[in-house]
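Participant: This is the content of target19.cif (mmCIF, C-alpha atoms):
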```cif
data_upload
#
loop_
_atom_site.label_atom_id
_atom_site.label_comp_id
_atom_site.auth_asym_id
_atom_site.auth_seq_id
_atom_site.Cartn_x
_atom_site.Cartn_y
_atom_site.Cartn_z
CA MET J 78 18.68 -3.80 11.46
CA THR J 79 15.53 -1.85 10.67
CA THR J 80 13.08 -2.95 8.01
CA ILE J 81 11.27 0.40 7.94
CA PRO J 82 12.18 2.81 5.15
CA ARG J 83 12.63 6.43 6.23
CA ASP J 84 12.24 9.58 4.18
CA GLN J 85 8.79 8.34 3.22
CA TRP J 86 5.16 9.37 3.63
CA TYR J 87 2.99 7.18 5.83
CA VAL J 88 -0.68 7.28 6.73
CA ALA J 89 -0.98 8.14 10.42
CA ALA J 90 -4.76 8.38 10.77
CA TYR J 91 -8.06 9.04 9.08
CA GLY J 92 -8.89 12.72 9.06
CA ARG J 93 -12.04 11.95 11.03
CA GLU J 94 -9.94 10.66 13.94
CA ILE J 95 -8.36 14.04 14.57
CA GLY J 96 -10.40 16.85 16.06
CA HIS J 97 -9.66 19.76 18.35
CA ASP J 98 -8.27 17.53 21.05
CA LEU J 99 -5.03 15.67 21.65
CA PHE J 100 -4.48 12.49 19.66
CA SER J 101 -1.37 10.31 19.73
CA ARG J 102 -0.22 7.57 17.41
CA THR J 103 3.14 5.83 17.05
CA VAL J 104 4.39 5.77 13.46
CA CYS J 105 7.65 4.04 12.55
CA GLY J 106 8.60 3.97 16.21
CA GLU J 107 7.99 7.70 16.73
CA SER J 108 5.25 8.87 19.10
CA ILE J 109 3.48 11.69 17.33
CA LEU J 110 0.95 14.14 18.76
CA PHE J 111 -1.81 15.37 16.47
CA TRP J 112 -4.56 17.90 16.86
CA ARG J 113 -6.69 20.03 14.60
CA THR J 114 -6.21 23.75 15.09
CA GLU J 115 -9.12 26.11 15.51
CA ALA J 116 -8.66 26.95 11.81
CA GLY J 117 -9.11 23.26 10.96
CA GLU J 118 -5.51 22.37 10.05
CA VAL J 119 -3.97 19.13 11.30
CA THR J 120 -0.69 19.57 13.20
CA ALA J 121 1.87 16.85 13.94
CA MET J 122 4.69 17.05 16.48
CA SER J 123 6.58 14.92 18.95
CA ASP J 124 4.43 13.56 21.77
CA ARG J 125 7.21 14.06 24.27
CA CYS J 126 7.75 17.27 26.26
CA VAL J 127 11.33 18.48 25.75
CA HIS J 128 11.65 18.96 29.50
CA ARG J 129 11.14 15.53 31.09
CA ARG J 130 9.56 13.60 28.21
CA PHE J 131 6.05 13.54 29.64
CA PRO J 132 3.62 12.53 26.87
CA LEU J 133 1.72 15.60 25.78
CA SER J 134 -1.26 13.44 24.84
CA GLN J 135 -1.50 12.20 28.41
CA ALA J 136 -3.91 13.87 30.84
CA PRO J 137 -3.68 16.24 32.55
CA SER J 138 -1.89 17.67 29.49
CA ARG J 139 -4.47 19.74 27.60
CA LEU J 140 -5.17 22.01 24.68
CA VAL J 141 -5.77 25.69 25.37
CA GLY J 142 -6.78 27.32 22.13
CA ASP J 143 -4.01 26.38 19.70
CA ALA J 144 -1.44 25.60 22.36
CA VAL J 145 -0.75 22.38 24.23
CA VAL J 146 0.13 22.61 27.90
CA CYS J 147 2.20 19.77 29.36
CA GLY J 148 0.35 18.17 32.25
CA TYR J 149 3.54 17.63 34.25
CA HIS J 150 5.23 21.06 34.58
CA GLY J 151 3.28 23.34 32.27
CA PHE J 152 5.64 23.71 29.31
CA THR J 153 3.42 25.23 26.63
CA TYR J 154 3.84 24.75 22.86
CA GLY J 155 2.21 26.38 19.85
CA ALA J 156 0.87 24.61 16.78
CA ASP J 157 4.31 24.83 15.13
CA GLY J 158 5.91 22.99 18.05
CA ALA J 159 7.73 26.06 19.42
CA CYS J 160 7.65 26.45 23.19
CA VAL J 161 5.93 29.68 24.17
CA ALA J 162 5.97 29.42 27.96
CA VAL J 163 7.84 27.58 30.71
CA PRO J 164 7.03 27.64 34.41
CA GLY J 165 8.58 30.12 36.84
CA GLN J 166 10.70 32.14 34.42
CA THR J 167 10.21 34.53 31.53
CA ARG J 168 13.04 33.29 29.31
CA VAL J 169 12.13 30.36 27.11
CA PRO J 170 15.23 28.33 26.16
CA ARG J 171 16.01 28.58 22.46
CA THR J 172 16.09 24.83 22.09
CA ALA J 173 12.66 24.37 23.62
CA ARG J 174 10.89 23.18 20.49
CA LEU J 175 9.07 19.97 19.71
CA ARG J 176 10.08 18.14 16.60
CA SER J 177 7.35 18.89 14.07
CA TYR J 178 6.40 16.64 11.18
CA PRO J 179 5.33 17.57 7.65
CA VAL J 180 1.68 16.57 7.47
CA VAL J 181 -0.85 16.46 4.61
CA GLU J 182 -4.54 15.65 4.78
CA GLN J 183 -5.61 14.05 1.52
CA ASP J 184 -8.09 11.42 0.26
CA SER J 185 -9.52 11.05 3.80
CA PHE J 186 -6.09 10.15 5.21
CA VAL J 187 -3.64 12.13 7.34
CA TRP J 188 -0.19 11.54 5.87
CA VAL J 189 2.94 12.23 7.87
CA TRP J 190 6.54 12.38 6.65
CA ILE J 191 8.97 10.19 8.57
CA GLY J 192 12.52 11.33 7.94
CA ASP J 193 14.38 14.49 7.02
CA PRO J 194 11.74 17.26 6.72
CA ALA J 195 13.83 18.96 4.02
CA ARG J 196 13.14 15.98 1.73
CA ALA J 197 9.37 16.01 2.16
CA ASP J 198 7.57 16.54 -1.15
CA ALA J 199 3.80 16.36 -0.85
CA THR J 200 3.41 15.83 -4.59
CA ARG J 201 4.94 12.36 -4.12
CA ILE J 202 2.11 11.15 -1.91
CA PRO J 203 0.21 8.42 -3.79
CA ARG J 204 -3.45 9.15 -4.37
CA ALA J 205 -6.66 7.28 -3.53
CA PRO J 206 -9.27 9.75 -4.79
CA TRP J 207 -12.25 7.39 -4.45
CA LEU J 208 -12.17 7.55 -0.69
CA ASP J 209 -13.67 11.03 -0.50
CA SER J 210 -15.32 11.17 -3.91
CA PRO J 211 -19.08 11.81 -4.12
CA ASP J 212 -19.21 9.23 -6.92
CA TYR J 213 -18.25 6.44 -4.52
CA ALA J 214 -19.56 5.14 -1.22
CA THR J 215 -16.79 4.19 1.18
CA VAL J 216 -16.52 2.15 4.35
CA SER J 217 -13.25 2.01 6.27
CA GLY J 218 -11.52 1.05 9.46
CA MET J 219 -8.18 0.26 11.03
CA GLU J 220 -7.04 -2.88 12.83
CA PRO J 221 -3.89 -3.22 14.91
CA LEU J 222 -1.56 -5.92 13.68
CA ALA J 223 1.03 -7.48 15.99
CA ALA J 224 3.30 -8.28 13.08
CA ARG J 225 5.96 -6.54 11.02
CA PHE J 226 4.57 -4.56 8.12
CA GLY J 227 6.40 -6.65 5.52
CA LEU J 228 4.16 -9.60 6.36
CA LEU J 229 1.10 -7.57 5.42
CA VAL J 230 2.78 -6.52 2.18
CA ASP J 231 3.47 -10.18 1.36
CA ASN J 232 -0.14 -11.03 2.21
CA LEU J 233 -1.72 -8.37 0.04
CA MET J 234 0.58 -8.81 -2.95
CA ASP J 235 -0.49 -12.42 -3.39
CA LEU J 236 -4.26 -12.72 -3.46
CA SER J 237 -4.19 -16.46 -4.14
CA HIS J 238 -4.36 -16.75 -0.35
CA GLU J 239 -8.00 -15.61 -0.61
CA THR J 240 -8.95 -19.10 -1.77
CA TYR J 241 -7.68 -20.67 1.44
CA LEU J 242 -7.72 -18.04 4.19
CA HIS J 243 -10.88 -16.23 3.06
CA GLY J 244 -12.98 -19.02 1.54
CA GLY J 245 -16.69 -18.22 1.91
CA TYR J 246 -16.01 -14.47 1.85
CA ILE J 247 -13.88 -13.29 -1.07
CA GLY J 248 -12.06 -16.49 -1.99
CA THR J 249 -13.10 -18.82 -4.78
CA PRO J 250 -11.12 -21.59 -6.52
CA GLU J 251 -10.36 -19.38 -9.53
CA VAL J 252 -8.33 -16.86 -7.54
CA ALA J 253 -5.54 -19.30 -6.75
CA GLY J 254 -5.94 -20.99 -10.14
CA THR J 255 -5.58 -17.99 -12.46
CA PRO J 256 -2.16 -16.87 -13.73
CA ILE J 257 -1.00 -13.34 -12.95
CA THR J 258 0.94 -10.66 -14.75
CA THR J 259 3.36 -8.57 -12.73
CA GLU J 260 4.83 -5.22 -13.72
CA VAL J 261 7.37 -2.99 -12.03
CA ASP J 262 8.02 0.67 -12.76
CA ASP J 263 10.94 1.76 -10.59
CA ALA J 264 10.76 5.37 -11.74
CA ALA J 265 7.10 5.64 -10.75
CA GLY J 266 7.62 3.48 -7.64
CA ILE J 267 4.84 1.02 -8.47
CA VAL J 268 4.40 -2.75 -8.45
CA TYR J 269 1.32 -3.85 -10.41
CA VAL J 270 -0.18 -7.33 -10.32
CA SER J 271 -3.08 -8.27 -12.60
CA ARG J 272 -5.29 -11.30 -12.28
CA HIS J 273 -8.15 -11.28 -14.76
CA MET J 274 -10.64 -14.08 -14.23
CA ASP J 275 -13.04 -14.04 -17.16
CA ASP J 276 -15.33 -16.83 -15.99
CA ALA J 277 -15.31 -17.24 -12.25
CA GLU J 278 -17.57 -18.10 -9.36
CA CYS J 279 -19.05 -15.03 -7.69
CA PRO J 280 -17.97 -15.02 -4.05
CA PRO J 281 -20.53 -14.13 -1.36
CA PHE J 282 -18.88 -10.75 -0.74
CA TYR J 283 -19.75 -9.62 -4.28
CA ALA J 284 -22.93 -11.65 -4.81
CA ASN J 285 -24.59 -10.00 -1.84
CA SER J 286 -23.38 -6.50 -2.59
CA THR J 287 -23.89 -6.39 -6.37
CA GLY J 288 -26.81 -8.77 -6.86
CA LEU J 289 -24.83 -10.70 -9.48
CA THR J 290 -25.07 -14.45 -9.14
CA GLY J 291 -23.56 -17.45 -10.85
CA ARG J 292 -20.52 -16.93 -13.06
CA ILE J 293 -18.87 -13.52 -13.39
CA ALA J 294 -15.87 -11.78 -14.87
CA ARG J 295 -13.68 -10.80 -11.94
CA TRP J 296 -10.59 -8.68 -12.42
CA GLN J 297 -8.13 -7.91 -9.68
CA ASP J 298 -5.50 -5.28 -10.40
CA ILE J 299 -3.13 -4.53 -7.54
CA GLU J 300 -1.27 -1.24 -7.59
CA TYR J 301 1.22 -0.97 -4.74
CA ALA J 302 3.20 2.21 -4.14
CA PRO J 303 5.75 1.17 -1.50
CA PRO J 304 6.02 1.52 1.34
CA CYS J 305 2.53 2.52 2.48
CA LEU J 306 -0.28 2.65 -0.08
CA TYR J 307 -1.83 -0.46 -1.60
CA LYS J 308 -4.77 -0.33 -3.97
CA LEU J 309 -6.79 -3.22 -5.36
CA HIS J 310 -8.85 -2.19 -8.36
CA SER J 311 -11.59 -4.80 -8.41
CA ARG J 312 -13.94 -5.16 -11.39
CA ILE J 313 -17.00 -7.39 -11.22
CA ALA J 314 -19.06 -7.84 -14.40
CA PRO J 315 -21.29 -10.30 -16.25
CA VAL J 316 -19.26 -12.90 -18.13
CA GLY J 317 -18.29 -11.53 -21.55
CA SER J 318 -18.62 -7.86 -20.61
CA LEU J 319 -15.62 -5.69 -21.44
CA PRO J 320 -14.91 -2.01 -20.82
CA ASN J 321 -15.58 0.26 -23.78
CA PRO J 322 -12.63 1.61 -25.78
CA ASP J 323 -13.19 5.05 -24.25
CA GLY J 324 -12.71 3.62 -20.78
CA THR J 325 -16.36 3.67 -19.73
CA ASP J 326 -17.57 0.43 -18.24
CA PRO J 327 -21.30 0.70 -17.60
CA ASP J 328 -22.05 -3.01 -17.13
CA ALA J 329 -19.43 -3.53 -14.43
CA PHE J 330 -19.33 -2.92 -10.71
CA HIS J 331 -16.13 -1.31 -9.48
CA VAL J 332 -14.72 -1.67 -6.01
CA GLU J 333 -11.55 0.08 -4.92
CA VAL J 334 -10.02 -1.66 -1.93
CA VAL J 335 -7.36 0.51 -0.32
CA TYR J 336 -4.91 -0.41 2.40
CA ALA J 337 -2.47 1.90 4.12
CA ILE J 338 0.27 -0.24 5.59
CA THR J 339 1.92 1.82 8.30
CA PRO J 340 4.61 0.43 10.59
CA GLU J 341 3.89 1.23 14.22
CA THR J 342 7.17 -0.31 15.33
CA GLU J 343 9.49 -2.95 13.87
CA ASN J 344 7.02 -5.66 14.92
CA ARG J 345 3.63 -3.94 14.90
CA THR J 346 1.58 -2.40 12.09
CA HIS J 347 -1.42 -0.13 11.64
CA ASP J 348 -3.64 -1.92 9.12
CA PHE J 349 -5.85 0.81 7.60
CA TRP J 350 -8.47 -0.56 5.20
CA ALA J 351 -11.10 1.11 3.06
CA VAL J 352 -13.57 -0.18 0.46
CA ALA J 353 -15.06 2.28 -2.04
CA ARG J 354 -17.78 1.24 -4.52
CA ASP J 355 -19.45 2.94 -7.46
CA PHE J 356 -22.86 1.26 -7.03
CA ALA J 357 -25.70 1.25 -4.48
CA LEU J 358 -24.28 4.51 -3.20
CA ASP J 359 -27.16 5.30 -0.89
CA ASP J 360 -27.92 1.77 0.28
CA THR J 361 -26.77 1.61 3.89
CA SER J 362 -27.45 -2.13 4.04
CA VAL J 363 -24.81 -2.64 1.33
CA SER J 364 -22.42 -0.38 3.24
CA ASP J 365 -23.03 -2.30 6.45
CA PHE J 366 -22.59 -5.64 4.70
CA ILE J 367 -19.33 -4.66 2.98
CA ALA J 368 -17.94 -3.13 6.17
CA GLU J 369 -18.71 -6.21 8.24
CA GLN J 370 -17.43 -8.61 5.60
CA ASN J 371 -14.24 -6.72 4.89
CA ARG J 372 -13.44 -6.28 8.56
CA THR J 373 -13.93 -10.02 9.00
CA VAL J 374 -11.51 -10.68 6.14
CA VAL J 375 -8.98 -8.22 7.59
CA LEU J 376 -9.23 -9.91 10.99
CA GLN J 377 -8.64 -13.30 9.35
CA ASP J 378 -5.41 -11.87 7.95
CA VAL J 379 -4.53 -10.28 11.29
CA ALA J 380 -4.96 -13.59 13.12
CA ALA J 381 -2.77 -15.41 10.61
CA LEU J 382 -0.06 -12.75 10.49
CA ASP J 383 0.06 -12.38 14.29
CA VAL J 384 0.86 -16.09 14.46
CA LEU J 385 3.40 -15.79 11.66
CA GLU J 386 5.16 -12.93 13.46
CA GLN J 387 5.60 -15.11 16.53
CA VAL J 388 6.97 -17.93 14.38
CA ILE J 389 9.50 -15.63 12.73
CA ALA J 390 10.45 -13.85 15.94
CA THR J 391 11.29 -17.09 17.70
CA GLU J 392 12.90 -19.17 14.94
CA PRO J 393 16.62 -19.63 14.42
CA ALA J 394 18.19 -17.34 11.85
CA GLY J 395 18.66 -18.54 8.31
CA TYR J 396 15.27 -20.00 7.40
CA GLN J 397 15.10 -20.46 3.64
CA GLU J 398 11.72 -19.61 2.17
CA LEU J 399 10.48 -21.14 -1.06
CA SER J 400 8.91 -18.83 -3.63
CA ILE J 401 6.70 -19.92 -6.52
CA ASN J 402 4.92 -18.13 -9.35
CA ILE J 403 2.25 -16.59 -7.12
CA ASP J 404 5.03 -14.72 -5.29
CA THR J 405 6.25 -12.77 -8.33
CA GLY J 406 4.61 -9.53 -7.18
CA GLY J 407 5.54 -10.00 -3.55
CA LEU J 408 9.18 -10.45 -4.46
CA ALA J 409 9.08 -7.29 -6.56
CA ALA J 410 7.62 -5.38 -3.61
CA ARG J 411 10.28 -6.74 -1.27
CA ARG J 412 13.01 -5.66 -3.67
CA MET J 413 11.64 -2.13 -3.87
CA LEU J 414 11.39 -1.89 -0.07
CA THR J 415 14.95 -3.17 0.30
CA ALA J 416 16.16 -0.55 -2.16
CA MET J 417 14.43 2.14 -0.07
CA LEU J 418 16.29 0.95 3.02
CA GLN J 419 19.63 1.01 1.28
CA GLU J 420 19.20 4.29 -0.54
CA PRO J 421 16.59 6.36 1.29
CA ALA J 422 17.66 9.57 -0.40
CA THR J 423 17.43 8.07 -3.88
CA ALA J 424 14.10 6.43 -3.18
CA ALA J 425 12.66 9.66 -1.83
CA ALA J 426 13.80 11.52 -4.91
CA ARG J 427 11.95 9.19 -7.23
CA MET V 36 -11.40 -11.88 -24.76
CA ASP V 37 -8.95 -10.56 -22.22
CA ILE V 38 -7.80 -7.00 -22.72
CA GLU V 39 -4.11 -7.65 -22.33
CA PRO V 40 -3.44 -7.45 -18.62
CA VAL V 41 0.20 -7.57 -19.67
CA ARG V 42 0.12 -3.86 -20.47
CA MET V 43 -1.30 -2.11 -17.45
CA LEU V 44 1.69 0.17 -16.76
CA THR V 45 2.88 2.32 -19.65
CA GLY V 46 6.09 3.98 -18.42
CA PRO V 47 9.31 3.69 -20.45
CA GLY V 48 11.11 1.59 -17.84
CA VAL V 49 8.52 -1.06 -17.05
CA LEU V 50 9.71 -4.59 -16.34
CA ARG V 51 7.01 -7.20 -16.98
CA VAL V 52 6.56 -10.80 -15.92
CA VAL V 53 3.82 -12.86 -17.55
CA TRP V 54 2.76 -16.26 -16.29
CA LEU V 55 2.63 -18.11 -19.59
CA PRO V 56 -0.84 -19.55 -20.03
CA GLY V 57 -1.09 -23.30 -19.80
CA SER V 58 2.34 -23.62 -18.26
CA ASP V 59 4.16 -23.11 -14.98
CA GLN V 60 6.69 -20.82 -16.62
CA LEU V 61 7.20 -17.10 -16.27
CA GLN V 62 8.30 -14.85 -19.09
CA GLY V 63 10.17 -11.74 -18.05
CA THR V 64 10.36 -8.86 -20.52
CA CYS V 65 12.79 -5.98 -20.08
CA HIS V 66 11.78 -2.44 -21.00
CA CYS V 67 14.09 -2.80 -24.01
CA GLY V 68 12.02 -5.68 -25.35
CA ALA V 69 14.39 -8.53 -24.54
CA ALA V 70 12.63 -11.50 -22.95
CA HIS V 71 13.58 -14.52 -20.92
CA VAL V 72 11.55 -17.55 -19.86
CA ALA V 73 12.17 -18.88 -16.35
CA ASP V 74 10.87 -21.60 -14.06
CA GLY V 75 10.19 -19.34 -11.10
CA PRO V 76 10.02 -15.78 -9.81
CA VAL V 77 13.47 -15.68 -8.23
CA GLU V 78 15.11 -16.66 -11.51
CA VAL V 79 13.03 -14.27 -13.60
CA TRP V 80 13.75 -11.27 -11.36
CA ASP V 81 17.43 -12.15 -11.19
CA TRP V 82 17.54 -12.09 -14.97
CA LEU V 83 15.50 -8.91 -15.36
CA LEU V 84 17.53 -7.00 -12.79
CA ALA V 85 20.85 -8.13 -14.23
CA HIS V 86 19.83 -7.58 -17.83
CA PRO V 87 19.33 -3.80 -17.95
CA VAL V 88 22.93 -3.04 -16.97
CA GLY V 89 24.33 -0.72 -19.58
CA HIS V 90 21.10 0.67 -20.94
CA GLY V 91 18.45 2.93 -19.57
CA PRO V 92 14.71 2.84 -20.00
CA GLY V 93 12.98 3.93 -23.15
CA ARG V 94 15.12 2.50 -25.96
CA ARG V 95 14.18 3.98 -29.30
CA PRO V 96 12.29 1.62 -31.63
CA ASP V 97 15.01 1.90 -34.27
CA GLU V 98 17.75 0.85 -31.87
CA GLU V 99 19.08 -2.67 -32.09
CA GLU V 100 18.06 -5.00 -29.35
CA PRO V 101 20.98 -5.78 -27.05
CA PRO V 102 22.16 -9.39 -26.78
CA THR V 103 20.47 -11.37 -24.05
CA PRO V 104 21.85 -14.23 -22.00
CA GLY V 105 20.38 -17.57 -21.06
CA ARG V 106 17.27 -18.95 -22.68
CA SER V 107 16.19 -15.59 -23.99
CA SER V 108 13.85 -15.23 -26.89
CA PRO V 109 15.42 -13.62 -29.94
CA SER V 110 12.71 -10.99 -30.07
CA PRO V 111 9.90 -9.72 -27.89
CA VAL V 112 7.26 -12.39 -27.49
CA PRO V 113 3.72 -11.22 -28.20
CA ALA V 114 1.45 -10.66 -25.27
CA PHE V 115 -0.83 -13.55 -24.58
CA ALA V 116 -4.43 -13.05 -25.49
#
```
Mind converting the file's structure to structure tokens?
Facilitator:
Amino acid sequence: MTTIPRDQWYVAAYGREIGHDLFSRTVCGESILFWRTEAGEVTAMSDRCVHRRFPLSQAPSRLVGDAVVCGYHGFTYGADGACVAVPGQTRVPRTARLRSYPVVEQDSFVWVWIGDPARADATRIPRAPWLDSPDYATVSGMEPLAARFGLLVDNLMDLSHETYLHGGYIGTPEVAGTPITTEVDDAAGIVYVSRHMDDAECPPFYANSTGLTGRIARWQDIEYAPPCLYKLHSRIAPVGSLPNPDGTDPDAFHVEVVYAITPETENRTHDFWAVARDFALDDTSVSDFIAEQNRTVVLQDVAALDVLEQVIATEPAGYQELSINIDTGGLAARRMLTAMLQEPATAAAR
Amino acid sequence: MDIEPVRMLTGPGVLRVVWLPGSDQLQGTCHCGAAHVADGPVEVWDWLLAHPVGHGPGRRPDEEEPPTPGRSSPSPVPAFA
């Protein structure tokens, strides 16, 4: 049985990955061909020729203007996926059309709709406006994960693992030792987990990037919009500093850590990560440091989850997990994902 | 000096679980205001998800609180500071 919700928006790529050439990525088990038209619009369609299934991203397939020509027999398709030419005959079969996907480029991501195109509503795509805002500096990347996407959801919903898996980077003793508050809004499709550490050790990741040393106030507010977009609103401030009543927060450093958790297949995941900050905007050494550190942290997760996937894939059925308080948010996320599997139409309508 | 992390979402149907400070217990609060203290996340979600049956989100303030099962508090418990 699948664990991947359909009738949902997923991040397929960063916009910068897609130019005027053929680009393929598998999303939720579907091989999708992308390219940017000469007008600059991103297109998304099946990466399989309707004739003999040759991948259209595979050389010698090629783009000619805004048409893709299959490298096997020359079937030619326009940017809407319709076949415009076949070899050796003038009549193009009516059914010669690639499946096209609703696609939206937003907040530096290329989002694609997996499911019934009639249900696609672009206004339901969760936002991450920092990623292309001039008020923030952003570093980002993507790592392949040889594990089911639910394991990455579990990982990110419980940040107490930072203390153990990411000690020396972002983990300090207070992360695992501070109680959390968890909120669920089913109508909005959000799980929110708050951990506010008011007097905590400053981990190297933030000491080196902000210049703060010693004790700090460190707030972590997770906002997960299942299935794909995860945001960690991170606030780093001198101990005792609070935001002003009007919402301004001049003494604090703000870091928005964004993950797009996109299933590649049932057992593989695209782990998109981005870190946006509202300080040292023009300091490339800070950008380089954060990028290197965050990628290291992501790869620590990838190594652990790749092992965990093998454990789960090879164990007898019926293993009983034990959940404790730190898992309150993760369990809420699992429930919402399960509901999406059981009622895809209802979930999409939310 | 915390600014109430228990109130980050403001929708009418929010379910909230607070890890009670100084304890290992979790307090679940329904959107209607009814609350229940549990020893773990499975129990607290089971209660929260079973509790709302029969009423939708956004109960009016002048409505009576529905009866709650188990070790529920008689009234909403204040947010921890």
Participant: What do you get, as a PDB file with C-alpha atoms, keeping the file's coordinate frame, if you spell out every residue that the PyMOL selection byres ((chain J) within 9 of (chain V)) selects here?
Facilitator:
```pdb
ATOM      1  CA  PRO J 256      -2.160 -16.870 -13.730  1.00  0.00           C
ATOM      2  CA  ILE J 257      -1.000 -13.340 -12.950  1.00  0.00           C
ATOM      3  CA  THR J 258       0.940 -10.660 -14.750  1.00  0.00           C
ATOM      4  CA  THR J 259       3.360  -8.570 -12.730  1.00  0.00           C
ATOM      5  CA  GLU J 260       4.830  -5.220 -13.720  1.00  0.00           C
ATOM      6  CA  VAL J 261       7.370  -2.990 -12.030  1.00  0.00           C
ATOM      7  CA  ASP J 262       8.020   0.670 -12.760  1.00  0.00           C
ATOM      8  CA  ASP J 263      10.940   1.760 -10.590  1.00  0.00           C
ATOM      9  CA  ALA J 264      10.760   5.370 -11.740  1.00  0.00           C
ATOM     10  CA  ALA J 265       7.100   5.640 -10.750  1.00  0.00           C
ATOM     11  CA  ILE J 267       4.840   1.020  -8.470  1.00  0.00           C
ATOM     12  CA  TYR J 269       1.320  -3.850 -10.410  1.00  0.00           C
ATOM     13  CA  VAL J 270      -0.180  -7.330 -10.320  1.00  0.00           C
ATOM     14  CA  SER J 271      -3.080  -8.270 -12.600  1.00  0.00           C
ATOM     15  CA  ARG J 272      -5.290 -11.300 -12.280  1.00  0.00           C
ATOM     16  CA  HIS J 273      -8.150 -11.280 -14.760  1.00  0.00           C
ATOM     17  CA  MET J 274     -10.640 -14.080 -14.230  1.00  0.00           C
ATOM     18  CA  ASP J 275     -13.040 -14.040 -17.160  1.00  0.00           C
ATOM     19  CA  ASP J 298      -5.500  -5.280 -10.400  1.00  0.00           C
ATOM     20  CA  GLY J 317     -18.290 -11.530 -21.550  1.00  0.00           C
ATOM     21  CA  LEU J 319     -15.620  -5.690 -21.440  1.00  0.00           C
ATOM     22  CA  PRO J 320     -14.910  -2.010 -20.820  1.00  0.00           C
ATOM     23  CA  SER J 400       8.910 -18.830  -3.630  1.00  0.00           C
ATOM     24  CA  ILE J 401       6.700 -19.920  -6.520  1.00  0.00           C
ATOM     25  CA  ASN J 402       4.920 -18.130  -9.350  1.00  0.00           C
ATOM     26  CA  ILE J 403       2.250 -16.590  -7.120  1.00  0.00           C
ATOM     27  CA  ASP J 404       5.030 -14.720  -5.290  1.00  0.00           C
ATOM     28  CA  THR J 405       6.250 -12.770  -8.330  1.00  0.00           C
ATOM     29  CA  GLY J 406       4.610  -9.530  -7.180  1.00  0.00           C
ATOM     30  CA  LEU J 408       9.180 -10.450  -4.460  1.00  0.00           C
ATOM     31  CA  ALA J 409       9.080  -7.290  -6.560  1.00  0.00           C
TER      32      ALA J 409
END
```
Participant: Compile the contact shell of Gly142 (chain J) as a ChimeraX atom specification: residues with an atom at most 10 Å away, counting all atoms listed in the file, same-chain residues fewer than 2 positions apart removed.
Facilitator: /J:97-98,114-115,139-140,144-145,155-156
Participant: Once the PyMOL selection byres ((chain J and resi 345) around 8) is applied to the coordinates I shared, what remains selected? I want it as a ChimeraX atom specification.
Facilitator: /J:221-226,340-344,346-347
Participant: Using only C-alpha atoms, which protein or nucleic acid residues come within 12 Å of Val252 (chain J)? Drop anything in the same chain fewer than 4 positions from it, and give the result as a list in words.
Facilitator: Asp235, Leu236, Ser237, His238, Glu239, Thr240, Tyr241, Leu242, His243, Gly244, Ile247, Gly248, Pro256, Ile257, Ser271, Arg272, His273, Met274, Asp275, Asp276, Ala277, Glu278, Cys279, Pro280, Ala294, Arg295, Trp296, Gln297 and Ile403 of chain J
Participant: Counting all atoms listed in the file, which residues have an atom no more than 7 Å from (16.7, 19.5, 24.5) in the file's coordinates? Please list them as an MDAnalysis selection string.
Facilitator: chainID J and resid 127 172:173
Participant: So that I have them on file, write out the residues from the current selection with C-alpha atoms, as a CSV table (one decimal), in the frame of the given file.
Facilitator:
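Everything below was put into selection26.csv:
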```
chain,number,residue,atom,x,y,z
J,127,VAL,CA,11.3,18.5,25.8
J,172,THR,CA,16.1,24.8,22.1
J,173,ALA,CA,12.7,24.4,23.6
```
Participant: Starting from the incomplete input, reconstruct N, CA and C atoms of region 308-316 of chain J and write that as a compact mmCIF listing (two decimals), keeping the file's coordinate frame.
Facilitator:
```txt
# COMPACT_ATOMS: atom_id res chain seq x y z
N LYS J 308 -3.44 -0.46 -3.40
CA LYS J 308 -4.77 -0.33 -3.97
C LYS J 308 -5.10 -1.58 -4.76
N LEU J 309 -6.30 -2.10 -4.56
CA LEU J 309 -6.79 -3.22 -5.36
C LEU J 309 -7.98 -2.71 -6.16
N HIS J 310 -7.77 -2.59 -7.47
CA HIS J 310 -8.85 -2.19 -8.36
C HIS J 310 -9.62 -3.46 -8.72
N SER J 311 -10.83 -3.58 -8.21
CA SER J 311 -11.59 -4.80 -8.41
C SER J 311 -12.76 -4.51 -9.35
N ARG J 312 -12.86 -5.32 -10.40
CA ARG J 312 -13.94 -5.16 -11.39
C ARG J 312 -14.76 -6.43 -11.42
N ILE J 313 -16.07 -6.27 -11.22
CA ILE J 313 -17.00 -7.39 -11.22
C ILE J 313 -18.02 -7.13 -12.32
N ALA J 314 -18.17 -8.09 -13.25
CA ALA J 314 -19.06 -7.84 -14.40
C ALA J 314 -19.66 -9.16 -14.87
N PRO J 315 -20.76 -9.08 -15.63
CA PRO J 315 -21.29 -10.30 -16.25
C PRO J 315 -20.23 -10.91 -17.17
N VAL J 316 -20.22 -12.23 -17.26
CA VAL J 316 -19.26 -12.90 -18.13
C VAL J 316 -19.40 -12.36 -19.55
```
